[in-house]
>>> print(open('start00.txt').read())   # compact mmCIF, C-alpha atoms and all ligand atoms
# COMPACT_ATOMS: atom_id res chain seq x y z
CA MET A 1 31.67 1.74 -9.44
CA THR A 2 28.99 2.38 -12.04
CA HIS A 3 29.76 3.81 -15.47
CA VAL A 4 26.99 5.67 -17.29
CA PHE A 5 27.58 6.13 -21.01
CA TYR A 6 25.44 8.79 -22.70
CA VAL A 7 25.05 7.69 -26.31
CA PRO A 8 23.92 10.53 -28.59
CA HIS A 9 23.03 8.15 -31.46
CA ALA A 10 22.64 4.40 -31.85
CA ASP A 11 26.13 3.22 -32.95
CA ASP A 12 28.19 5.79 -30.97
CA GLU A 13 28.38 3.24 -28.13
CA THR A 14 30.08 0.71 -30.41
CA LEU A 15 32.06 2.98 -32.73
CA THR A 16 33.39 5.46 -30.19
CA MET A 17 32.99 3.93 -26.70
CA GLY A 18 32.83 0.15 -27.27
CA VAL A 19 36.33 -0.62 -26.00
CA ALA A 20 35.79 1.54 -22.91
CA ILE A 21 32.49 -0.21 -22.16
CA LEU A 22 34.12 -3.66 -22.49
CA GLN A 23 37.06 -2.63 -20.29
CA CYS A 24 34.70 -1.41 -17.53
CA LEU A 25 32.82 -4.72 -17.69
CA ALA A 26 36.10 -6.71 -17.65
CA ARG A 27 37.00 -4.96 -14.37
CA GLY A 28 33.67 -6.16 -12.95
CA GLU A 29 32.16 -2.70 -12.89
CA GLU A 30 28.54 -1.90 -13.70
CA VAL A 31 27.68 -0.26 -17.01
CA HIS A 32 24.52 1.65 -17.95
CA LEU A 33 23.81 3.03 -21.42
CA VAL A 34 21.56 6.01 -22.11
CA LEU A 35 20.50 6.50 -25.75
CA MET A 36 19.63 10.16 -26.22
CA THR A 37 18.11 10.67 -29.69
CA ASP A 38 15.70 8.88 -32.01
CA GLY A 39 18.16 8.71 -34.92
CA SER A 40 15.60 10.15 -37.31
CA ALA A 41 18.00 12.58 -39.01
CA CYS A 42 20.16 9.79 -40.38
CA GLY A 43 20.25 9.83 -44.21
CA SER A 44 20.43 6.03 -44.41
CA VAL A 45 16.65 5.82 -44.83
CA HIS A 46 17.05 7.23 -48.36
CA PHE A 47 19.56 4.54 -49.28
CA LEU A 48 17.34 1.83 -47.78
CA ASN A 49 14.21 3.10 -49.53
CA GLY A 50 15.96 3.48 -52.87
CA THR A 51 15.43 7.23 -53.13
CA ALA A 52 19.23 7.59 -53.25
CA LYS A 53 21.89 5.17 -54.50
CA CYS A 54 23.11 2.92 -51.69
CA PRO A 55 26.88 3.31 -51.25
CA VAL A 56 27.14 -0.09 -49.51
CA HIS A 57 25.40 -2.21 -52.14
CA GLU A 58 26.10 0.26 -54.97
CA LYS A 59 22.57 0.18 -56.28
CA TYR A 60 19.11 1.64 -55.77
CA HIS A 61 17.25 -0.56 -53.29
CA ASN A 62 13.66 -1.57 -53.89
CA PRO A 63 11.95 -2.44 -50.60
CA LEU A 64 9.08 -4.27 -52.30
CA GLU A 65 11.16 -6.35 -54.72
CA GLU A 66 13.67 -7.10 -51.96
CA ARG A 67 10.75 -8.00 -49.72
CA TYR A 68 11.67 -5.83 -46.72
CA LEU A 69 9.78 -7.07 -43.67
CA ASP A 70 8.41 -3.56 -43.12
CA GLY A 71 8.04 -2.63 -46.80
CA MET A 72 8.94 0.98 -47.58
CA LEU A 73 10.45 2.34 -44.35
CA ASP A 74 8.66 5.35 -42.89
CA THR A 75 10.19 7.49 -40.14
CA GLN A 76 8.69 5.29 -37.44
CA ASP A 77 10.10 2.08 -38.97
CA HIS A 78 13.51 3.72 -39.35
CA VAL A 79 13.55 4.97 -35.74
CA ALA A 80 12.43 1.55 -34.51
CA ALA A 81 15.17 -0.17 -36.55
CA ARG A 82 17.85 2.07 -35.06
CA ARG A 83 16.57 1.51 -31.51
CA LYS A 84 16.51 -2.25 -32.13
CA GLU A 85 20.13 -2.13 -33.32
CA PHE A 86 21.17 -0.16 -30.24
CA LEU A 87 19.58 -2.63 -27.79
CA ALA A 88 20.99 -5.63 -29.70
CA ALA A 89 24.46 -4.06 -29.69
CA ALA A 90 24.22 -3.31 -25.95
CA GLU A 91 23.27 -6.90 -25.22
CA ARG A 92 26.20 -8.27 -27.22
CA LEU A 93 28.58 -5.84 -25.51
CA GLY A 94 27.35 -7.31 -22.23
CA VAL A 95 24.95 -4.61 -21.07
CA PRO A 96 21.47 -6.05 -20.42
CA SER A 97 18.42 -4.09 -21.57
CA SER A 98 17.55 -3.48 -17.90
CA ASN A 99 20.67 -1.27 -17.79
CA CYS A 100 19.69 0.64 -20.95
CA ARG A 101 17.58 3.78 -20.99
CA VAL A 102 16.21 5.06 -24.28
CA TYR A 103 15.22 8.68 -24.81
CA GLY A 104 13.76 9.77 -28.12
CA TYR A 105 14.95 13.35 -28.41
CA LYS A 106 14.95 14.62 -31.97
CA ASP A 107 18.14 13.63 -33.76
CA GLY A 108 20.29 16.66 -34.57
CA LYS A 109 18.31 18.93 -32.24
CA LEU A 110 19.33 17.74 -28.77
CA THR A 111 19.76 20.69 -26.42
CA GLU A 112 22.23 21.02 -23.56
CA GLU A 113 19.26 21.48 -21.20
CA GLN A 114 17.68 18.20 -22.32
CA ALA A 115 21.01 16.38 -21.88
CA ARG A 116 21.45 18.04 -18.47
CA GLN A 117 18.01 16.89 -17.29
CA VAL A 118 18.74 13.31 -18.38
CA ALA A 119 22.11 13.29 -16.61
CA LEU A 120 20.56 14.72 -13.44
CA ARG A 121 17.86 12.06 -13.53
CA VAL A 122 20.48 9.33 -13.91
CA GLU A 123 22.73 10.83 -11.20
CA ASN A 124 19.77 10.76 -8.77
CA ASP A 125 18.33 7.42 -9.96
CA GLU A 126 18.53 4.83 -7.19
CA ASP A 127 18.37 2.05 -9.79
CA VAL A 128 21.77 3.24 -10.99
CA PRO A 129 23.96 2.57 -7.95
CA GLY A 130 26.83 4.91 -7.11
CA PRO A 131 29.52 5.98 -7.10
CA LYS A 132 29.03 6.93 -10.73
CA THR A 133 31.30 8.04 -13.54
CA HIS A 134 29.63 9.75 -16.49
CA HIS A 135 30.94 9.17 -20.00
CA THR A 136 29.99 10.60 -23.35
CA THR A 137 31.23 11.75 -26.70
CA THR A 138 32.93 15.04 -26.38
CA SER A 139 32.34 18.69 -27.11
CA LYS A 140 35.95 19.68 -27.48
CA TYR A 141 36.99 17.77 -30.59
CA ASP A 142 33.56 17.26 -32.10
CA ASP A 143 31.18 19.53 -33.95
CA HIS A 144 28.02 17.41 -34.03
CA ASN A 145 25.24 19.26 -32.22
CA ASP A 146 24.04 16.25 -30.19
CA HIS A 147 27.56 15.23 -29.14
CA VAL A 148 28.32 18.81 -28.11
CA ALA A 149 25.07 19.03 -26.11
CA CYS A 150 25.93 15.89 -24.11
CA GLY A 151 29.55 16.96 -23.60
CA ASN A 152 28.66 20.49 -22.50
CA ALA A 153 25.89 19.30 -20.17
CA LEU A 154 28.25 16.93 -18.34
CA ALA A 155 31.03 19.54 -18.21
CA ALA A 156 28.65 22.09 -16.66
CA LEU A 157 27.31 19.60 -14.11
CA HIS A 158 30.88 18.74 -13.13
CA GLU A 159 31.85 22.38 -12.82
CA GLU A 160 28.90 22.94 -10.48
CA GLY A 161 30.08 20.02 -8.38
CA THR A 162 26.98 17.92 -9.13
CA ILE A 163 28.79 15.00 -10.81
CA PRO A 164 32.37 13.68 -10.67
CA GLU A 165 34.77 14.41 -13.52
CA PRO A 166 33.31 12.98 -16.76
CA VAL A 167 35.20 11.07 -19.45
CA TYR A 168 34.80 12.16 -23.08
CA TYR A 169 35.38 10.08 -26.21
CA ILE A 170 36.44 11.35 -29.61
CA LYS A 171 34.75 9.92 -32.67
CA ARG A 172 36.96 8.30 -35.30
CA SER A 173 36.39 10.91 -38.00
CA LYS A 174 37.92 13.55 -35.70
CA TRP A 175 41.11 11.66 -34.84
CA LYS A 176 43.17 13.22 -37.61
CA GLY A 177 45.20 16.13 -36.35
CA LEU A 178 44.49 15.62 -32.64
CA PRO A 179 47.19 17.13 -30.43
CA SER A 180 49.48 14.34 -29.20
CA GLY A 181 50.36 13.90 -25.54
CA ARG A 182 47.68 16.30 -24.33
CA GLY A 183 45.84 14.01 -21.98
CA ILE A 184 44.23 11.93 -24.72
CA GLU A 185 44.30 8.28 -23.73
CA ASP A 186 44.19 5.38 -26.20
CA LEU A 187 42.05 2.45 -25.05
CA VAL A 188 43.11 -0.60 -27.07
CA ALA A 189 40.98 -3.75 -27.20
CA ASP A 190 42.46 -7.11 -26.29
CA GLU A 191 41.72 -10.19 -28.43
CA LYS A 192 38.52 -11.06 -26.59
CA GLN A 193 37.26 -7.49 -26.77
CA LYS A 194 38.07 -7.37 -30.50
CA GLU A 195 36.00 -10.49 -31.05
CA THR A 196 33.06 -8.97 -29.18
CA ILE A 197 33.19 -5.79 -31.23
CA GLN A 198 33.48 -7.80 -34.47
CA ARG A 199 30.38 -9.73 -33.40
CA VAL A 200 28.42 -6.55 -32.67
CA CYS A 201 29.31 -5.18 -36.11
CA LYS A 202 28.58 -8.42 -37.97
CA GLU A 203 25.44 -9.47 -36.12
CA VAL A 204 23.90 -6.04 -35.61
CA TYR A 205 25.04 -2.92 -37.44
CA MET A 206 26.18 -4.76 -40.60
CA ASN A 207 23.48 -7.42 -40.51
CA TRP A 208 21.74 -7.17 -43.90
CA ASP A 209 18.72 -9.48 -43.90
CA PRO A 210 15.84 -7.15 -44.84
CA GLU A 211 13.26 -9.94 -45.20
CA LYS A 212 13.74 -10.56 -41.48
CA GLY A 213 13.76 -6.85 -40.63
CA HIS A 214 17.56 -6.48 -40.28
CA TYR A 215 18.46 -3.43 -42.34
CA ALA A 216 22.08 -2.74 -41.31
CA VAL A 217 21.06 0.86 -40.64
CA GLY A 218 24.29 1.61 -38.77
CA TYR A 219 26.46 0.46 -41.65
CA HIS A 220 24.34 2.25 -44.25
CA SER A 221 24.70 5.39 -42.17
CA VAL A 222 28.50 5.50 -41.61
CA PRO A 223 30.17 2.62 -43.51
CA GLU A 224 33.65 4.15 -43.36
CA SER A 225 33.50 4.46 -39.55
CA PHE A 226 32.67 0.76 -39.20
CA ASP A 227 35.37 -0.20 -41.72
CA ARG A 228 37.92 1.80 -39.76
CA LEU A 229 36.79 0.37 -36.41
CA LEU A 230 37.29 -3.17 -37.74
CA LYS A 231 40.88 -2.30 -38.69
CA ASP A 232 41.72 -0.44 -35.48
CA PHE A 233 39.97 -1.46 -32.25
CA THR A 234 40.87 1.67 -30.31
CA ASN A 235 38.90 4.34 -28.43
CA LYS A 236 40.30 7.75 -27.61
CA ALA A 237 39.30 9.33 -24.31
CA HIS A 238 40.11 12.49 -22.38
CA THR A 239 38.87 14.11 -19.22
CA LYS A 240 39.50 17.81 -19.74
ZN ZN B 301 26.63 10.36 -32.81
ZN ZN B 302 22.31 -1.02 -49.19
>>> encode(input="start00.txt", output="structure tokens")
Amino acid sequence: MTHVFYVPHADDETLTMGVAILQCLARGEEVHLVLMTDGSACGSVHFLNGTAKCPVHEKYHNPLEERYLDGMLDTQDHVAARRKEFLAAAERLGVPSSNCRVYGYKDGKLTEEQARQVALRVENDEDVPGPKTHHTTTSKYDDHNDHVACGNALAALHEEGTIPEPVYYIKRSKWKGLPSGRGIEDLVADEKQKETIQRVCKEVYMNWDPEKGHYAVGYHSVPESFDRLLKDFTNKAHTK
């Protein structure tokens, strides 16, 4: 069995699907990750460049005084930093870079058709052995354009009979007020899986060492989501 996780943005794989990924690997199943967008819409670049007050360090950063490896971060640096974090997180979760595909669709503007084409390519890709299960963040309980695009694309492909029933994951900020007992499954990490997720957070998304080019972009982007993950190592999944 091969599990393909469509990751709208670098960090969704850890924040929203990390436990599921680790549980697939623990069962000896193959995992592939597909990063969909370039992450360029993320506001963290303003915090990192000091054009807005950083909520993590509670100050205005100064890339030159703080000797950022890349100096002032332009869009390209920022996109590259996010991609680097994604691949480093994947590796620590146990997914080698040979099982990661990276697409650079514009963050915030992913279309259902683009997501559909990617999923079709993966479904027909001989380097991704079958049978396959497709996973992504969901359309039903989520309002982010890129998450909705991935969710709707998989749902449509399933309805047409092209792919088996997908699994959808609900991001943490949408957990409040979810209907209980309506087919939403809690995936809870065991001790070893918790340690792995803690490592990914500490060594990748929260790794602040700008002189070496580690900018903790993930944490600067959604600090509360990481803080909540580190208090509650659960994913929420549903199929319908
Ligand atoms: Zn996302
Ligand atoms: Zn900061």
>>> closest_residue(input="start00.txt", among="A:Arg172, A:His158, A:His32, A:His78", to="ligand ZN 301 (chain B)", atoms="all atoms listed in the file")
A:Arg172
>>> atom_distance(input="start00.txt", atom1="atom CA of A:Arg228", atom2="atom CA of A:Leu35")
22.8 Å
>>> closest_residue(input="start00.txt", among="A:Gly28, A:Pro166, A:Gly161, A:Gly218", to="ligand ZN 301 (chain B)", atoms="all atoms listed in the file")
A:Gly218
>>> residues_around(input="start00.txt", residues="stretch 51-53 of chain A", least_positions_apart="4", cutoff="12 Å", atoms="only C-alpha atoms", output="PyMOL selection string")
chain A and resi 43-47+57-63+72-73+220
>>> write_last_selection(input="start00.txt", atoms="C-alpha atoms", output="PDB file, keeping the file's coordinate frame")
ATOM      1  CA  GLY A  43      20.250   9.830 -44.210  1.00  0.00           C
ATOM      2  CA  SER A  44      20.430   6.030 -44.410  1.00  0.00           C
ATOM      3  CA  VAL A  45      16.650   5.820 -44.830  1.00  0.00           C
ATOM      4  CA  HIS A  46      17.050   7.230 -48.360  1.00  0.00           C
ATOM      5  CA  PHE A  47      19.560   4.540 -49.280  1.00  0.00           C
ATOM      6  CA  HIS A  57      25.400  -2.210 -52.140  1.00  0.00           C
ATOM      7  CA  GLU A  58      26.100   0.260 -54.970  1.00  0.00           C
ATOM      8  CA  LYS A  59      22.570   0.180 -56.280  1.00  0.00           C
ATOM      9  CA  TYR A  60      19.110   1.640 -55.770  1.00  0.00           C
ATOM     10  CA  HIS A  61      17.250  -0.560 -53.290  1.00  0.00           C
ATOM     11  CA  ASN A  62      13.660  -1.570 -53.890  1.00  0.00           C
ATOM     12  CA  PRO A  63      11.950  -2.440 -50.600  1.00  0.00           C
ATOM     13  CA  MET A  72       8.940   0.980 -47.580  1.00  0.00           C
ATOM     14  CA  LEU A  73      10.450   2.340 -44.350  1.00  0.00           C
ATOM     15  CA  HIS A 220      24.340   2.250 -44.250  1.00  0.00           C
TER      16      HIS A 220
END
>>> residues_near_point(input="start00.txt", point="(38.9, 6.0, -26.6)", cutoff="7 Å", atoms="all atoms listed in the file", output="number ranges by chain")
A: 16-17, 20, 169-170, 185-187, 234-237
>>> residues_near_ligand(input="start00.txt", ligand="ligand ZN 302 (chain B)", cutoff="6 Å", atoms="only C-alpha atoms and all ligand atoms", output="list in words")
Leu48, Cys54, Val56 and His57 of chain A
>>> closest_residue(input="start00.txt", among="A:Ala10, A:Val79, A:Ala156, A:Ala119", to="ligand ZN 301 (chain B)", atoms="only C-alpha atoms and all ligand atoms")
A:Ala10
>>> residues_near_ligand(input="start00.txt", ligand="ligand ZN 301 (chain B)", cutoff="7 Å", atoms="only C-alpha atoms and all ligand atoms", output="MDAnalysis selection string")
chainID A and resid 8:9 12 146:147
>>> write_last_selection(input="start00.txt", atoms="C-alpha atoms", output="mmCIF file, keeping the file's coordinate frame")
data_model
loop_
_atom_site.group_PDB
_atom_site.id
_atom_site.type_symbol
_atom_site.label_atom_id
_atom_site.label_comp_id
_atom_site.auth_asym_id
_atom_site.auth_seq_id
_atom_site.Cartn_x
_atom_site.Cartn_y
_atom_site.Cartn_z
ATOM 1 C CA PRO A 8 23.920 10.530 -28.590
ATOM 2 C CA HIS A 9 23.030 8.150 -31.460
ATOM 3 C CA ASP A 12 28.190 5.790 -30.970
ATOM 4 C CA ASP A 146 24.040 16.250 -30.190
ATOM 5 C CA HIS A 147 27.560 15.230 -29.140
#
>>> residues_near_point(input="start00.txt", point="(10.9, -15.5, -47.1)", cutoff="9 Å", atoms="all atoms listed in the file", output="list in words")
Arg67, Glu211 and Lys212 of chain A
>>> write_last_selection(input="start00.txt", atoms="C-alpha atoms", output="PDB file, keeping the file's coordinate frame")
ATOM      1  CA  ARG A  67      10.750  -8.000 -49.720  1.00  0.00           C
ATOM      2  CA  GLU A 211      13.260  -9.940 -45.200  1.00  0.00           C
ATOM      3  CA  LYS A 212      13.740 -10.560 -41.480  1.00  0.00           C
TER       4      LYS A 212
END
>>> atom_distance(input="start00.txt", atom1="atom CA of A:Leu33", atom2="atom CA of A:Ala149")
16.7 Å
>>> closest_residue(input="start00.txt", among="A:Gly50, A:Gly94, A:Pro223, A:Gly183", to="A:Tyr68", atoms="only C-alpha atoms")
A:Gly50
>>> closest_residue(input="start00.txt", among="A:Ala155, A:Ala26, A:Val204, A:Ala216", to="A:Thr239", atoms="only C-alpha atoms")
A:Ala155
>>> residues_around(input="start00.txt", residues="A:Lys84", least_positions_apart="3", cutoff="12 Å", atoms="only C-alpha atoms", output="ChimeraX atom specification")
/A:10-11,35,38-39,77-81,87-91,97,100,102,204-205,213-218
>>> closest_residue(input="start00.txt", among="A:Ser225, A:Phe233, A:Leu64, A:Thr2", to="A:Glu191", atoms="all atoms listed in the file")
A:Phe233
>>> atom_distance(input="start00.txt", atom1="atom CA of A:Lys106", atom2="atom CA of A:Asn49")
21.0 Å
>>> residues_around(input="start00.txt", residues="A:Leu22", least_positions_apart="5", cutoff="9 Å", atoms="only C-alpha atoms", output="MDAnalysis selection string")
chainID A and resid 17 27 93:94 189 193 196
>>> decode(input="start00.txt", residues="stretch 109-237 of chain A", atoms="C-alpha atoms", output="PDB file, in the first residue's frame")
ATOM      1  CA  LYS A 109      -4.133  30.680  -5.958  1.00  0.00           C
ATOM      2  CA  LEU A 110      -4.073  26.899  -6.437  1.00  0.00           C
ATOM      3  CA  THR A 111      -6.924  25.806  -8.687  1.00  0.00           C
ATOM      4  CA  GLU A 112      -8.880  22.564  -8.518  1.00  0.00           C
ATOM      5  CA  GLU A 113      -7.749  21.811 -12.089  1.00  0.00           C
ATOM      6  CA  GLN A 114      -4.074  22.172 -11.149  1.00  0.00           C
ATOM      7  CA  ALA A 115      -4.565  19.900  -8.122  1.00  0.00           C
ATOM      8  CA  ARG A 116      -6.468  17.421 -10.311  1.00  0.00           C
ATOM      9  CA  GLN A 117      -3.661  17.279 -12.878  1.00  0.00           C
ATOM     10  CA  VAL A 118      -1.082  16.648 -10.140  1.00  0.00           C
ATOM     11  CA  ALA A 119      -3.181  13.871  -8.589  1.00  0.00           C
ATOM     12  CA  LEU A 120      -3.728  12.252 -11.998  1.00  0.00           C
ATOM     13  CA  ARG A 121       0.006  12.380 -12.683  1.00  0.00           C
ATOM     14  CA  VAL A 122       0.733  10.730  -9.326  1.00  0.00           C
ATOM     15  CA  GLU A 123      -2.027   8.125  -9.776  1.00  0.00           C
ATOM     16  CA  ASN A 124      -0.476   7.125 -13.130  1.00  0.00           C
ATOM     17  CA  ASP A 125       3.167   7.472 -12.032  1.00  0.00           C
ATOM     18  CA  GLU A 126       4.905   4.095 -12.101  1.00  0.00           C
ATOM     19  CA  ASP A 127       7.480   5.367  -9.608  1.00  0.00           C
ATOM     20  CA  VAL A 128       4.657   5.553  -7.077  1.00  0.00           C
ATOM     21  CA  PRO A 129       3.659   1.902  -6.738  1.00  0.00           C
ATOM     22  CA  GLY A 130       0.023   0.959  -6.168  1.00  0.00           C
ATOM     23  CA  PRO A 131      -2.404   0.330  -4.714  1.00  0.00           C
ATOM     24  CA  LYS A 132      -2.565   3.968  -3.648  1.00  0.00           C
ATOM     25  CA  THR A 133      -4.518   5.917  -1.082  1.00  0.00           C
ATOM     26  CA  HIS A 134      -4.672   9.683  -1.567  1.00  0.00           C
ATOM     27  CA  HIS A 135      -4.644  11.984   1.451  1.00  0.00           C
ATOM     28  CA  THR A 136      -4.950  15.713   1.810  1.00  0.00           C
ATOM     29  CA  THR A 137      -6.299  18.537   3.887  1.00  0.00           C
ATOM     30  CA  THR A 138      -9.981  18.815   3.442  1.00  0.00           C
ATOM     31  CA  SER A 139     -12.528  20.978   1.702  1.00  0.00           C
ATOM     32  CA  LYS A 140     -15.386  20.308   4.062  1.00  0.00           C
ATOM     33  CA  TYR A 141     -14.161  21.887   7.275  1.00  0.00           C
ATOM     34  CA  ASP A 142     -11.625  24.271   5.795  1.00  0.00           C
ATOM     35  CA  ASP A 143     -11.921  27.559   3.975  1.00  0.00           C
ATOM     36  CA  HIS A 144      -8.367  28.042   2.706  1.00  0.00           C
ATOM     37  CA  ASN A 145      -8.416  28.199  -1.091  1.00  0.00           C
ATOM     38  CA  ASP A 146      -5.463  25.819  -1.612  1.00  0.00           C
ATOM     39  CA  HIS A 147      -6.770  23.243   0.874  1.00  0.00           C
ATOM     40  CA  VAL A 148     -10.206  23.380  -0.754  1.00  0.00           C
ATOM     41  CA  ALA A 149      -8.677  22.962  -4.232  1.00  0.00           C
ATOM     42  CA  CYS A 150      -6.821  19.791  -3.184  1.00  0.00           C
ATOM     43  CA  GLY A 151      -9.830  18.393  -1.316  1.00  0.00           C
ATOM     44  CA  ASN A 152     -12.273  19.060  -4.151  1.00  0.00           C
ATOM     45  CA  ALA A 153      -9.910  17.677  -6.800  1.00  0.00           C
ATOM     46  CA  LEU A 154      -9.525  14.372  -4.932  1.00  0.00           C
ATOM     47  CA  ALA A 155     -13.257  14.172  -4.187  1.00  0.00           C
ATOM     48  CA  ALA A 156     -14.087  14.659  -7.883  1.00  0.00           C
ATOM     49  CA  LEU A 157     -11.528  12.077  -9.007  1.00  0.00           C
ATOM     50  CA  HIS A 158     -12.980   9.599  -6.525  1.00  0.00           C
ATOM     51  CA  GLU A 159     -16.524  10.284  -7.656  1.00  0.00           C
ATOM     52  CA  GLU A 160     -15.481   9.595 -11.255  1.00  0.00           C
ATOM     53  CA  GLY A 161     -13.989   6.294 -10.127  1.00  0.00           C
ATOM     54  CA  THR A 162     -10.427   7.338 -11.020  1.00  0.00           C
ATOM     55  CA  ILE A 163      -8.954   7.043  -7.500  1.00  0.00           C
ATOM     56  CA  PRO A 164      -9.963   5.110  -4.371  1.00  0.00           C
ATOM     57  CA  GLU A 165     -11.692   6.918  -1.509  1.00  0.00           C
ATOM     58  CA  PRO A 166      -9.402   9.705  -0.254  1.00  0.00           C
ATOM     59  CA  VAL A 167      -8.703  10.609   3.370  1.00  0.00           C
ATOM     60  CA  TYR A 168      -9.026  14.257   4.444  1.00  0.00           C
ATOM     61  CA  TYR A 169      -7.394  15.962   7.422  1.00  0.00           C
ATOM     62  CA  ILE A 170      -8.726  18.929   9.338  1.00  0.00           C
ATOM     63  CA  LYS A 171      -6.317  21.664  10.345  1.00  0.00           C
ATOM     64  CA  ARG A 172      -6.045  22.498  14.032  1.00  0.00           C
ATOM     65  CA  SER A 173      -7.584  25.964  13.800  1.00  0.00           C
ATOM     66  CA  LYS A 174     -10.817  24.380  12.512  1.00  0.00           C
ATOM     67  CA  TRP A 175     -11.216  21.774  15.261  1.00  0.00           C
ATOM     68  CA  LYS A 176     -13.417  23.936  17.454  1.00  0.00           C
ATOM     69  CA  GLY A 177     -17.062  23.155  16.934  1.00  0.00           C
ATOM     70  CA  LEU A 178     -16.573  20.062  14.758  1.00  0.00           C
ATOM     71  CA  PRO A 179     -19.567  17.717  14.893  1.00  0.00           C
ATOM     72  CA  SER A 180     -18.738  14.801  17.201  1.00  0.00           C
ATOM     73  CA  GLY A 181     -19.221  11.186  16.174  1.00  0.00           C
ATOM     74  CA  ARG A 182     -19.729  12.018  12.510  1.00  0.00           C
ATOM     75  CA  GLY A 183     -17.015   9.872  11.023  1.00  0.00           C
ATOM     76  CA  ILE A 184     -14.150  12.054  12.223  1.00  0.00           C
ATOM     77  CA  GLU A 185     -11.321   9.869  13.450  1.00  0.00           C
ATOM     78  CA  ASP A 186      -8.684  10.964  15.969  1.00  0.00           C
ATOM     79  CA  LEU A 187      -5.174   9.725  15.182  1.00  0.00           C
ATOM     80  CA  VAL A 188      -3.138   9.949  18.392  1.00  0.00           C
ATOM     81  CA  ALA A 189       0.655   9.720  18.364  1.00  0.00           C
ATOM     82  CA  ASP A 190       2.439   7.173  20.525  1.00  0.00           C
ATOM     83  CA  GLU A 191       5.565   8.167  22.502  1.00  0.00           C
ATOM     84  CA  LYS A 192       7.951   7.468  19.641  1.00  0.00           C
ATOM     85  CA  GLN A 193       5.803   9.386  17.168  1.00  0.00           C
ATOM     86  CA  LYS A 194       5.578  12.310  19.611  1.00  0.00           C
ATOM     87  CA  GLU A 195       9.358  12.426  19.829  1.00  0.00           C
ATOM     88  CA  THR A 196       9.657  12.472  16.044  1.00  0.00           C
ATOM     89  CA  ILE A 197       7.182  15.333  15.722  1.00  0.00           C
ATOM     90  CA  GLN A 198       8.943  17.266  18.511  1.00  0.00           C
ATOM     91  CA  ARG A 199      12.207  16.803  16.609  1.00  0.00           C
ATOM     92  CA  VAL A 200      10.694  18.059  13.349  1.00  0.00           C
ATOM     93  CA  CYS A 201       9.386  21.167  15.119  1.00  0.00           C
ATOM     94  CA  LYS A 202      12.595  21.857  17.039  1.00  0.00           C
ATOM     95  CA  GLU A 203      15.095  21.061  14.297  1.00  0.00           C
ATOM     96  CA  VAL A 204      13.165  22.445  11.337  1.00  0.00           C
ATOM     97  CA  TYR A 205      10.143  24.714  11.666  1.00  0.00           C
ATOM     98  CA  MET A 206      11.262  26.318  14.953  1.00  0.00           C
ATOM     99  CA  ASN A 207      14.965  26.287  14.175  1.00  0.00           C
ATOM    100  CA  TRP A 208      16.080  29.919  14.537  1.00  0.00           C
ATOM    101  CA  ASP A 209      19.703  30.222  13.410  1.00  0.00           C
ATOM    102  CA  PRO A 210      19.561  32.932  10.726  1.00  0.00           C
ATOM    103  CA  GLU A 211      23.349  33.199  10.334  1.00  0.00           C
ATOM    104  CA  LYS A 212      23.238  29.612   9.062  1.00  0.00           C
ATOM    105  CA  GLY A 213      20.146  30.222   6.933  1.00  0.00           C
ATOM    106  CA  HIS A 214      17.613  28.642   9.339  1.00  0.00           C
ATOM    107  CA  TYR A 215      14.806  31.170   9.638  1.00  0.00           C
ATOM    108  CA  ALA A 216      12.061  29.184  11.415  1.00  0.00           C
ATOM    109  CA  VAL A 217       9.676  30.293   8.671  1.00  0.00           C
ATOM    110  CA  GLY A 218       7.029  27.768   9.712  1.00  0.00           C
ATOM    111  CA  TYR A 219       6.962  29.002  13.295  1.00  0.00           C
ATOM    112  CA  HIS A 220       6.978  32.661  12.252  1.00  0.00           C
ATOM    113  CA  SER A 221       4.033  31.888  10.005  1.00  0.00           C
ATOM    114  CA  VAL A 222       1.691  30.034  12.422  1.00  0.00           C
ATOM    115  CA  PRO A 223       3.231  29.989  15.934  1.00  0.00           C
ATOM    116  CA  GLU A 224      -0.042  29.116  17.672  1.00  0.00           C
ATOM    117  CA  SER A 225      -0.547  26.027  15.473  1.00  0.00           C
ATOM    118  CA  PHE A 226       2.902  24.701  16.399  1.00  0.00           C
ATOM    119  CA  ASP A 227       2.348  25.500  20.088  1.00  0.00           C
ATOM    120  CA  ARG A 228      -0.929  23.593  20.014  1.00  0.00           C
ATOM    121  CA  LEU A 229       0.584  20.642  18.141  1.00  0.00           C
ATOM    122  CA  LEU A 230       3.279  20.314  20.817  1.00  0.00           C
ATOM    123  CA  LYS A 231       0.586  20.097  23.498  1.00  0.00           C
ATOM    124  CA  ASP A 232      -1.700  17.710  21.608  1.00  0.00           C
ATOM    125  CA  PHE A 233      -0.155  15.242  19.163  1.00  0.00           C
ATOM    126  CA  THR A 234      -3.383  14.375  17.375  1.00  0.00           C
ATOM    127  CA  ASN A 235      -4.583  14.475  13.755  1.00  0.00           C
ATOM    128  CA  LYS A 236      -8.229  14.482  12.778  1.00  0.00           C
ATOM    129  CA  ALA A 237      -9.227  12.601   9.637  1.00  0.00           C
TER     130      ALA A 237
END
